[in-house]
file target-v4.cif (mmCIF, C-alpha atoms and all ligand atoms)
data_run
loop_
_atom_site.label_atom_id
_atom_site.label_comp_id
_atom_site.auth_asym_id
_atom_site.auth_seq_id
_atom_site.Cartn_x
_atom_site.Cartn_y
_atom_site.Cartn_z
CA SER P 1 -9.16 20.23 -15.86
CA CYS P 2 -6.45 18.02 -17.23
CA PRO P 3 -4.65 16.07 -14.50
CA GLY P 4 -1.51 16.23 -16.64
CA CYS P 5 -1.50 19.99 -15.99
CA PHE P 6 -0.98 19.51 -12.25
CA TYR P 7 2.61 19.58 -11.17
CA ILE P 8 3.81 19.31 -7.65
CA GLU P 9 6.66 21.45 -6.40
CA GLY P 10 9.79 21.24 -8.48
CA GLY P 11 7.87 21.01 -11.72
CA ILE P 12 8.12 17.25 -12.03
CA MET P 13 5.08 15.05 -11.67
CA LYS P 14 5.91 12.25 -9.27
CA LYS P 15 5.16 8.71 -10.39
CA ILE P 16 3.67 6.17 -8.01
CA CYS P 17 3.14 2.45 -8.58
CA ILE P 18 0.33 0.96 -6.48
CA ASP P 19 0.33 -2.81 -6.12
CA PRO P 20 -2.89 -4.42 -4.84
CA GLY P 21 -1.58 -7.69 -3.34
CA HIS P 22 -2.65 -11.12 -4.67
CA GLY P 23 -5.48 -11.51 -7.23
CA GLY P 24 -6.97 -14.13 -9.56
CA ARG P 25 -6.25 -17.67 -8.36
CA ASP P 26 -4.31 -16.28 -5.39
CA PRO P 27 -6.83 -14.91 -2.85
CA GLY P 28 -4.21 -14.10 -0.19
CA ALA P 29 -5.57 -14.48 3.32
CA VAL P 30 -9.12 -15.88 3.47
CA SER P 31 -11.25 -15.41 6.55
CA GLY P 32 -14.92 -16.25 6.56
CA ASN P 33 -16.35 -14.89 3.31
CA VAL P 34 -13.66 -12.22 3.03
CA LYS P 35 -10.73 -12.56 0.63
CA GLU P 36 -7.65 -10.41 1.10
CA LYS P 37 -7.26 -9.81 -2.67
CA ASP P 38 -10.65 -8.03 -2.80
CA ILE P 39 -9.97 -5.78 0.22
CA ASN P 40 -6.50 -4.94 -1.13
CA LEU P 41 -7.96 -3.90 -4.50
CA ALA P 42 -10.75 -1.85 -2.89
CA ILE P 43 -8.22 0.11 -0.80
CA ALA P 44 -5.83 0.46 -3.76
CA GLN P 45 -8.56 1.89 -6.01
CA LYS P 46 -9.45 4.48 -3.38
CA LEU P 47 -5.77 5.34 -3.03
CA GLN P 48 -5.42 5.61 -6.81
CA LEU P 49 -8.19 8.21 -6.96
CA LEU P 50 -6.83 10.22 -4.01
CA LEU P 51 -3.32 10.35 -5.51
CA TYR P 52 -4.67 11.17 -8.97
CA ASN P 53 -6.60 14.10 -7.50
CA LYS P 54 -3.44 15.30 -5.72
CA GLY P 55 -1.73 15.45 -9.13
CA TYR P 56 0.39 12.30 -9.03
CA ASN P 57 1.04 10.09 -12.03
CA VAL P 58 -0.25 6.69 -10.88
CA ILE P 59 0.09 3.20 -12.31
CA MET P 60 -1.60 0.08 -10.87
CA THR P 61 -0.07 -3.40 -11.18
CA ARG P 62 -3.63 -4.70 -11.49
CA GLU P 63 -7.01 -2.98 -11.74
CA LYS P 64 -9.13 -6.13 -11.58
CA ASP P 65 -9.17 -9.62 -10.09
CA ILE P 66 -6.38 -11.15 -12.21
CA ASP P 67 -3.28 -13.32 -11.73
CA ILE P 68 -0.03 -11.40 -11.76
CA GLY P 69 3.40 -12.64 -10.73
CA LEU P 70 5.57 -11.00 -8.11
CA TYR P 71 8.45 -10.29 -10.54
CA GLN P 72 5.93 -8.94 -13.04
CA ARG P 73 4.72 -6.48 -10.39
CA ALA P 74 8.28 -5.26 -9.79
CA ASN P 75 8.85 -5.00 -13.56
CA ILE P 76 5.77 -2.83 -14.02
CA ALA P 77 7.10 -0.36 -11.43
CA ASN P 78 10.62 -0.44 -12.89
CA ASN P 79 9.49 0.04 -16.50
CA PHE P 80 7.20 2.91 -15.42
CA LYS P 81 10.23 4.43 -13.66
CA ALA P 82 8.08 4.98 -10.59
CA ASP P 83 9.49 7.22 -7.86
CA ILE P 84 7.98 4.97 -5.19
CA PHE P 85 6.26 1.57 -5.02
CA VAL P 86 3.42 0.85 -2.57
CA SER P 87 2.06 -2.67 -2.13
CA ILE P 88 -1.30 -2.98 -0.37
CA HIS P 89 -1.97 -6.03 1.80
CA ASN P 90 -3.85 -7.20 4.86
CA ASN P 91 -2.47 -9.49 7.49
CA ALA P 92 -3.36 -12.96 8.77
CA PHE P 93 -2.21 -15.06 11.71
CA ASN P 94 -3.19 -18.38 13.25
CA ASN P 95 -4.16 -16.56 16.46
CA GLU P 96 -7.23 -14.38 15.99
CA LEU P 97 -6.04 -12.07 18.78
CA ALA P 98 -3.27 -10.71 16.52
CA GLN P 99 -4.24 -7.22 15.39
CA GLY P 100 -2.92 -3.87 14.23
CA THR P 101 -1.16 -2.05 11.43
CA GLU P 102 2.37 -2.57 10.15
CA THR P 103 4.47 -1.40 7.21
CA LEU P 104 7.35 -3.34 5.67
CA CYS P 105 10.33 -1.93 3.79
CA PHE P 106 13.45 -3.37 2.18
CA SER P 107 16.38 -3.88 4.57
CA GLY P 108 18.98 -1.19 4.16
CA SER P 109 16.89 1.21 2.08
CA LEU P 110 17.01 4.51 3.95
CA GLN P 111 14.43 6.18 1.70
CA GLY P 112 12.19 3.12 1.91
CA GLU P 113 12.39 3.28 5.68
CA LYS P 114 11.47 6.98 5.71
CA LEU P 115 8.49 6.33 3.46
CA ALA P 116 7.44 3.38 5.64
CA ASN P 117 7.65 5.49 8.80
CA LEU P 118 5.51 8.31 7.36
CA VAL P 119 2.87 5.98 5.92
CA GLN P 120 2.73 3.93 9.13
CA THR P 121 2.30 7.10 11.25
CA GLU P 122 -0.54 8.46 9.09
CA LEU P 123 -2.25 5.06 8.87
CA VAL P 124 -2.25 4.46 12.63
CA LYS P 125 -3.52 8.01 13.20
CA ARG P 126 -6.61 7.27 11.09
CA LEU P 127 -7.29 3.55 11.56
CA LYS P 128 -6.67 3.72 15.33
CA ARG P 129 -5.56 0.10 15.42
CA PRO P 130 -2.51 -1.01 17.44
CA ASP P 131 0.80 0.26 16.03
CA ARG P 132 2.98 -2.73 15.15
CA GLY P 133 5.63 -0.43 13.70
CA ILE P 134 7.74 -0.81 10.58
CA LYS P 135 9.68 -3.96 9.74
CA SER P 136 12.69 -4.48 7.49
CA ARG P 137 12.52 -7.45 5.14
CA SER P 138 15.00 -8.63 2.50
CA ASP P 139 13.08 -11.70 1.32
CA LEU P 140 10.04 -10.09 -0.31
CA VAL P 141 10.23 -10.07 -4.13
CA VAL P 142 8.26 -6.86 -4.65
CA LEU P 143 10.54 -4.97 -2.23
CA ARG P 144 13.76 -6.62 -3.40
CA TYR P 145 13.38 -6.30 -7.18
CA THR P 146 11.89 -2.82 -7.37
CA THR P 147 14.54 -0.19 -8.09
CA MET P 148 12.83 2.67 -6.18
CA PRO P 149 11.92 3.13 -2.48
CA ALA P 150 9.30 0.43 -1.88
CA ILE P 151 6.96 -0.41 0.98
CA LEU P 152 4.36 -3.06 1.74
CA VAL P 153 1.46 -1.99 3.92
CA GLU P 154 -0.45 -4.45 6.11
CA CYS P 155 -3.47 -2.32 7.01
CA ALA P 156 -5.07 -4.70 9.52
CA PHE P 157 -5.67 -8.40 10.28
CA LEU P 158 -8.36 -10.30 8.38
CA THR P 159 -8.08 -13.04 10.99
CA ASN P 160 -9.04 -10.68 13.83
CA PRO P 161 -12.86 -10.51 14.17
CA VAL P 162 -12.93 -6.78 14.95
CA GLU P 163 -10.56 -5.79 12.15
CA ARG P 164 -12.19 -8.15 9.62
CA LYS P 165 -15.51 -6.40 10.23
CA LEU P 166 -13.85 -2.98 9.81
CA LEU P 167 -12.01 -3.98 6.63
CA LYS P 168 -15.32 -4.75 4.90
CA ILE P 169 -16.58 -1.21 5.53
CA ASN P 170 -16.11 1.35 2.76
CA SER P 171 -15.34 4.24 5.11
CA PHE P 172 -12.61 2.21 6.86
CA GLN P 173 -11.06 1.33 3.50
CA LEU P 174 -11.15 5.03 2.65
CA LEU P 175 -9.41 5.90 5.94
CA ALA P 176 -6.66 3.45 5.04
CA ALA P 177 -6.30 5.00 1.57
CA GLU P 178 -6.22 8.51 3.09
CA GLY P 179 -3.53 7.51 5.57
CA ILE P 180 -1.34 6.01 2.86
CA ALA P 181 -1.89 9.04 0.58
CA GLU P 182 -0.97 11.49 3.34
CA GLY P 183 2.17 9.49 4.19
CA ILE P 184 3.18 9.58 0.52
CA ASP P 185 2.48 13.31 0.29
CA ARG P 186 4.59 13.98 3.39
CA TYR P 187 7.40 11.85 1.95
CA PHE P 188 7.65 13.97 -1.19
CA ARG P 189 7.24 17.23 0.77
CA GLU P 190 9.62 16.48 3.62
CA VAL P 191 12.11 13.93 2.46
CA GLU P 192 12.88 14.35 -1.22
ZN ZN I 201 -1.06 -10.35 1.39
#
call {"tool": "encode", "arguments": {"input": "target-v4.cif", "output": "structure tokens", "more": "lines below"}}
Ligand code: ZN
result
Amino acid sequence: SCPGCFYIEGGIMKKICIDPGHGGRDPGAVSGNVKEKDINLAIAQKLQLLLYNKGYNVIMTREKDIDIGLYQRANIANNFKADIFVSIHNNAFNNELAQGTETLCFSGSLQGEKLANLVQTELVKRLKRPDRGIKSRSDLVVLRYTTMPAILVECAFLTNPVERKLLKINSFQLLAAEGIAEGIDRYFREVE
């Protein structure tokens, strides 16, 4: 049936902007033969399908391996009048022992913090990696220049050998997408 015919409670179809971090000439974190931009896109595409099937109106800042600026990403979400913005990333650190899941939100955004908390909770439940909690940031362009509640998810560390191995696996990427989707669903059910 037509996805446009699905409406979630309240009669208004919620709009979500998914932002797969990096892309094109910017690979993000690189560890071994794994590039962050590719993992981000793989998780984002799974999330796109899950949200679409739940009846959300979804836009992606990129659907392929292309260059796209940070302000451009924020503009896409703003022009789409998205209800929320979700940027998908994976972490890196110069110590390979660093591991776990964290979610960033814009400092002072109460709704952003609520969304971050719900997504972080559902992600940790599924990925079963250490819970690094949510972090407030005011210096990230995609969180600062988006006009709706915005979060940036760091699913796991590409520089950690165990997590790098997991991030390459389809079913682990799907778990990440499911966690983010459930957090989003809970946000619209419980918070709005
Ligand atoms: Zn990144």
call {"tool": "closest_residue", "arguments": {"input": "target-v4.cif", "among": "P:Pro161, P:Gly55, P:Gly112, P:Gly23", "to": "Asn95 of chain P", "atoms": "all atoms listed in the file"}}
result
P:Pro161
call {"tool": "atom_distance", "arguments": {"input": "target-v4.cif", "atom1": "atom CA of Leu158 of chain P", "atom2": "atom CA of Ala29 of chain P"}}
result
7.1 Å
call {"tool": "residues_around", "arguments": {"input": "target-v4.cif", "residues": "Lys128 of chain P", "least_positions_apart": "6", "cutoff": "10 Å", "atoms": "only C-alpha atoms", "output": "number ranges by chain"}}
result
P: 100-101, 122
call {"tool": "residues_near_ligand", "arguments": {"input": "target-v4.cif", "ligand": "ligand ZN 201 (chain I)", "cutoff": "6 Å", "atoms": "all atoms listed in the file", "output": "compact mmCIF listing (two decimals) with C-alpha atoms, in the frame of the given file"}}
result
# COMPACT_ATOMS: atom_id res chain seq x y z
CA GLY P 21 -1.58 -7.69 -3.34
CA GLY P 28 -4.21 -14.10 -0.19
CA HIS P 89 -1.97 -6.03 1.80
CA ASN P 90 -3.85 -7.20 4.86
call {"tool": "closest_residue", "arguments": {"input": "target-v4.cif", "among": "P:Gly179, P:Arg73, P:Val162, P:Ser109", "to": "Val124 of chain P", "atoms": "only C-alpha atoms"}}
result
P:Gly179
call {"tool": "atom_distance", "arguments": {"input": "target-v4.cif", "atom1": "atom CA of Ile76 of chain P", "atom2": "atom CA of Ile59 of chain P"}}
result
8.5 Å
call {"tool": "atom_distance", "arguments": {"input": "target-v4.cif", "atom1": "atom CA of Leu51 of chain P", "atom2": "atom CA of Val191 of chain P"}}
result
17.7 Å
call {"tool": "residues_around", "arguments": {"input": "target-v4.cif", "residues": "Leu118 of chain P", "least_positions_apart": "2", "cutoff": "12 Å", "atoms": "only C-alpha atoms", "output": "ChimeraX atom specification"}}
result
/P:102-105,111-116,120-125,133-134,151,153,179-191
call {"tool": "residues_around", "arguments": {"input": "target-v4.cif", "residues": "Leu175 of chain P", "least_positions_apart": "6", "cutoff": "9 Å", "atoms": "only C-alpha atoms", "output": "ChimeraX atom specification"}}
result
/P:43,123,126-127
call {"tool": "closest_residue", "arguments": {"input": "target-v4.cif", "among": "P:Asn33, P:Ile88, P:Lys81, P:Arg25", "to": "Asp65 of chain P", "atoms": "all atoms listed in the file"}}
result
P:Arg25
call {"tool": "closest_atom_pairs", "arguments": {"input": "target-v4.cif", "of": "segment 34-125 of chain P", "to": "segment 13-20 of chain P", "cutoff": "10 Å", "atoms": "only C-alpha atoms", "output": "JSON lines"}}
result
{"residue": "P:Glu36", "atom": "CA", "partner": "P:Pro20", "partner_atom": "CA", "distance": 9.7}
{"residue": "P:Lys37", "atom": "CA", "partner": "P:Pro20", "partner_atom": "CA", "distance": 7.3}
{"residue": "P:Asp38", "atom": "CA", "partner": "P:Pro20", "partner_atom": "CA", "distance": 8.8}
{"residue": "P:Ile39", "atom": "CA", "partner": "P:Pro20", "partner_atom": "CA", "distance": 8.8}
{"residue": "P:Asn40", "atom": "CA", "partner": "P:Pro20", "partner_atom": "CA", "distance": 5.2}
{"residue": "P:Leu41", "atom": "CA", "partner": "P:Pro20", "partner_atom": "CA", "distance": 5.1}
{"residue": "P:Ala42", "atom": "CA", "partner": "P:Pro20", "partner_atom": "CA", "distance": 8.5}
{"residue": "P:Ile43", "atom": "CA", "partner": "P:Pro20", "partner_atom": "CA", "distance": 8.1}
{"residue": "P:Ala44", "atom": "CA", "partner": "P:Pro20", "partner_atom": "CA", "distance": 5.8}
{"residue": "P:Gln45", "atom": "CA", "partner": "P:Pro20", "partner_atom": "CA", "distance": 8.6}
{"residue": "P:Leu47", "atom": "CA", "partner": "P:Ile18", "partner_atom": "CA", "distance": 8.3}
{"residue": "P:Gln48", "atom": "CA", "partner": "P:Ile18", "partner_atom": "CA", "distance": 7.4}
{"residue": "P:Leu51", "atom": "CA", "partner": "P:Ile16", "partner_atom": "CA", "distance": 8.5}
{"residue": "P:Tyr52", "atom": "CA", "partner": "P:Ile16", "partner_atom": "CA", "distance": 9.8}
{"residue": "P:Gly55", "atom": "CA", "partner": "P:Met13", "partner_atom": "CA", "distance": 7.3}
{"residue": "P:Tyr56", "atom": "CA", "partner": "P:Lys14", "partner_atom": "CA", "distance": 5.5}
{"residue": "P:Asn57", "atom": "CA", "partner": "P:Lys15", "partner_atom": "CA", "distance": 4.6}
{"residue": "P:Val58", "atom": "CA", "partner": "P:Ile16", "partner_atom": "CA", "distance": 4.9}
{"residue": "P:Ile59", "atom": "CA", "partner": "P:Cys17", "partner_atom": "CA", "distance": 4.9}
{"residue": "P:Met60", "atom": "CA", "partner": "P:Ile18", "partner_atom": "CA", "distance": 4.9}
{"residue": "P:Thr61", "atom": "CA", "partner": "P:Asp19", "partner_atom": "CA", "distance": 5.1}
{"residue": "P:Arg62", "atom": "CA", "partner": "P:Pro20", "partner_atom": "CA", "distance": 6.7}
{"residue": "P:Glu63", "atom": "CA", "partner": "P:Pro20", "partner_atom": "CA", "distance": 8.2}
{"residue": "P:Lys64", "atom": "CA", "partner": "P:Pro20", "partner_atom": "CA", "distance": 9.3}
{"residue": "P:Asp65", "atom": "CA", "partner": "P:Pro20", "partner_atom": "CA", "distance": 9.7}
{"residue": "P:Leu70", "atom": "CA", "partner": "P:Asp19", "partner_atom": "CA", "distance": 9.9}
{"residue": "P:Arg73", "atom": "CA", "partner": "P:Asp19", "partner_atom": "CA", "distance": 7.1}
{"residue": "P:Ala74", "atom": "CA", "partner": "P:Asp19", "partner_atom": "CA", "distance": 9.1}
{"residue": "P:Ile76", "atom": "CA", "partner": "P:Cys17", "partner_atom": "CA", "distance": 8.0}
{"residue": "P:Ala77", "atom": "CA", "partner": "P:Cys17", "partner_atom": "CA", "distance": 5.6}
{"residue": "P:Asn78", "atom": "CA", "partner": "P:Cys17", "partner_atom": "CA", "distance": 9.1}
{"residue": "P:Phe80", "atom": "CA", "partner": "P:Lys15", "partner_atom": "CA", "distance": 7.9}
{"residue": "P:Lys81", "atom": "CA", "partner": "P:Lys15", "partner_atom": "CA", "distance": 7.4}
{"residue": "P:Ala82", "atom": "CA", "partner": "P:Lys15", "partner_atom": "CA", "distance": 4.7}
{"residue": "P:Asp83", "atom": "CA", "partner": "P:Lys15", "partner_atom": "CA", "distance": 5.2}
{"residue": "P:Ile84", "atom": "CA", "partner": "P:Ile16", "partner_atom": "CA", "distance": 5.3}
{"residue": "P:Phe85", "atom": "CA", "partner": "P:Cys17", "partner_atom": "CA", "distance": 4.8}
{"residue": "P:Val86", "atom": "CA", "partner": "P:Ile18", "partner_atom": "CA", "distance": 5.0}
{"residue": "P:Ser87", "atom": "CA", "partner": "P:Asp19", "partner_atom": "CA", "distance": 4.4}
{"residue": "P:Ile88", "atom": "CA", "partner": "P:Pro20", "partner_atom": "CA", "distance": 5.0}
{"residue": "P:His89", "atom": "CA", "partner": "P:Pro20", "partner_atom": "CA", "distance": 6.9}
call {"tool": "residues_around", "arguments": {"input": "target-v4.cif", "residues": "Tyr145 of chain P", "least_positions_apart": "4", "cutoff": "8 Å", "atoms": "all atoms listed in the file", "output": "PDB file with C-alpha atoms, keeping the file's coordinate frame"}}
result
ATOM      1  CA  TYR P  71       8.450 -10.290 -10.540  1.00  0.00           C
ATOM      2  CA  ALA P  74       8.280  -5.260  -9.790  1.00  0.00           C
ATOM      3  CA  ASN P  75       8.850  -5.000 -13.560  1.00  0.00           C
ATOM      4  CA  VAL P 141      10.230 -10.070  -4.130  1.00  0.00           C
TER       5      VAL P 141
END
